[in-house]
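> Could you have a look at this structure, given as structure tokens, before my questions?
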Amino acid sequence: MEERIQKILSGAGVCSRRRAEEYLTDGRVRVNGRVAALGEKADPQRDRIEVDGVALSQPRRHTYLMLHKPRGYVTTLSDEKGRKTVAQLVESCGVRVWPVGRLDMDSEGLLLLTDDGDLTHKLTHPSHEIPKEYHVRVNGEVDAALPILSKPMVVDGEDMAADQVEPLGPHRLKIVIHQGKNRQVRRMCAAAGLTVTRLVRVREGNLRLGTLQRGTWRHLTCQEVQELLHEICK
């Protein structure tokens, strides 16, 4: 089946779609011996696709990882400031993977990484509304903040809402959201008069962090991948 070449390169784990577009613009991609143009389509099963003279291998199985991200790591593959990145934590997986979505440097918990470009796009697209559960430790008047957090609010001009807010104990909250706006949980808590001292993502869709140790990773099981695909196809 024909697909846009940048999608094929991304799906094969060669590079991101944006980088693939740059490769095409720079004339680094050939299809059946001729330079391919941006926007052109090809069939990876039928056509010979080369990047810098190296033939693209046949489609392979994708890699899906769950990482327990610790605090102090940025969710990126490289950092111009020299900070520690999540890519360093998963180097031993043997393939190039990238993070799905964001988890800020001061936050920890469940982070998905993959080399599946299509899945990344679907999971990060707002229309799929994948729920994410956070356990949050806070300072402040929790009883007064609960009614505020439980209703839609406008923070810095953005509409925000939690799907679920529950107390877990003294100064601890369970907050479930699906919007995924930048630092959303922290910003909502601040708007309700709370200061977040620890934030851990424990669930994304049907995937749970469980007992995975901080700073370690594991492959998703086949069942977990299928459940994730089912979640985004609802």
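Labels used: A, B, ... for chains in the order of the structure tokens, numbers from 1 for residues in each chain, and numbers from 1 for ligands as shown.
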At a cut-off of 10 Å, using only C-alpha atoms, what residues contact Asn32 of chain A? Leave out same-chain residues fewer than 6 positions from it and give the result as a list of chain:residue names.
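That gives A:Ala42, A:Arg46, A:Asp47, A:Arg48, A:Ile49, A:Glu50.
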> I want to know what sits within 7 Å of Val51 of chain A, based on only C-alpha atoms, with residues of the same chain fewer than 5 positions away left out; could you give that as number ranges by chain?
A: 28-30
> What does the file look like for those residues with C-alpha atoms, as a compact mmCIF listing (two decimals), in the first residue's frame?

# COMPACT_ATOMS: atom_id res chain seq x y z
CA ARG A 28 18.73 12.59 0.47
CA VAL A 29 15.94 10.11 -0.30
CA ARG A 30 15.68 8.03 -3.46
> Which residues, written as a short mmCIF file (atom, residue, chain, number, x, y, z; two decimals) with N, CA and C atoms, in the first residue's frame, have at least one atom at most 9 Å from Asp118 of chain A, with only C-alpha atoms counted and residues fewer than 6 positions away on the same chain left out?

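selection-v5.cif, written as the output of this step:
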data_model
loop_
_atom_site.label_atom_id
_atom_site.label_comp_id
_atom_site.auth_asym_id
_atom_site.auth_seq_id
_atom_site.Cartn_x
_atom_site.Cartn_y
_atom_site.Cartn_z
N LYS A 7 6.11 9.38 6.13
CA LYS A 7 5.43 8.49 7.06
C LYS A 7 6.12 7.12 7.09
N SER A 10 9.37 7.47 9.09
CA SER A 10 9.07 7.57 10.52
C SER A 10 8.64 6.24 11.08
N GLY A 11 7.77 5.55 10.35
CA GLY A 11 7.27 4.26 10.82
C GLY A 11 8.35 3.20 10.90
#
> Segment 82-150 of chain A: which residues are alpha helix (DSSP H) by DSSP, as a list in words?
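Checking each residue of segment 82-150 of chain A, the alpha helix (DSSP H) ones are Val86, Ala87, Gln88, Leu89, Gly117, Asp118, Leu119, Thr120, His121, Lys122, Leu123, Thr124, Val142, Asp143, Ala144, Ala145, Leu146, Pro147, Ile148 and Leu149 of chain A.
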> Using only C-alpha atoms, which residues sit within 10 Å of segment 148-161 of chain A once same-chain residues fewer than 6 positions away are excluded, as a compact mmCIF listing (two decimals) with C-alpha atoms, in the first residue's frame?

# COMPACT_ATOMS: atom_id res chain seq x y z
CA VAL A 142 -6.80 20.76 50.24
CA ILE A 175 -6.13 13.65 39.59
CA VAL A 176 -7.21 12.21 36.23
CA ILE A 177 -7.07 14.36 33.08
CA HIS A 178 -7.25 13.73 29.35
CA GLN A 179 -6.37 17.14 27.86
CA GLY A 180 -2.58 16.94 28.29
CA LYS A 181 -1.88 20.69 28.28
CA GLN A 184 -1.64 21.10 33.39
CA VAL A 185 -1.90 19.43 36.79
CA ARG A 187 -1.09 24.86 36.88
CA MET A 188 -4.56 23.73 37.97
CA CYS A 189 -3.34 23.07 41.50
CA ALA A 190 -1.68 26.49 41.63
CA ALA A 191 -4.93 28.12 40.49
CA ALA A 192 -6.70 26.34 43.35
CA GLY A 193 -4.16 27.61 45.89
> Please, which residues of chain A, numbered as in this document, come out strand (DSSP E or B) from DSSP, as number ranges by chain?
A: 3-4, 29-31, 34-35, 41-42, 49-51, 54-55, 64-69, 74, 85, 98-99, 108-114, 132-139, 153-155, 158-160, 164-169, 172-177, 195-204, 207-208, 217-219
> Atom CA of His121 of chain A and atom CA of Ile8 of chain A, how far apart in Å?
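Between atom CA of Ile8 of chain A and atom CA of His121 of chain A the gap works out to 13.7 Å.
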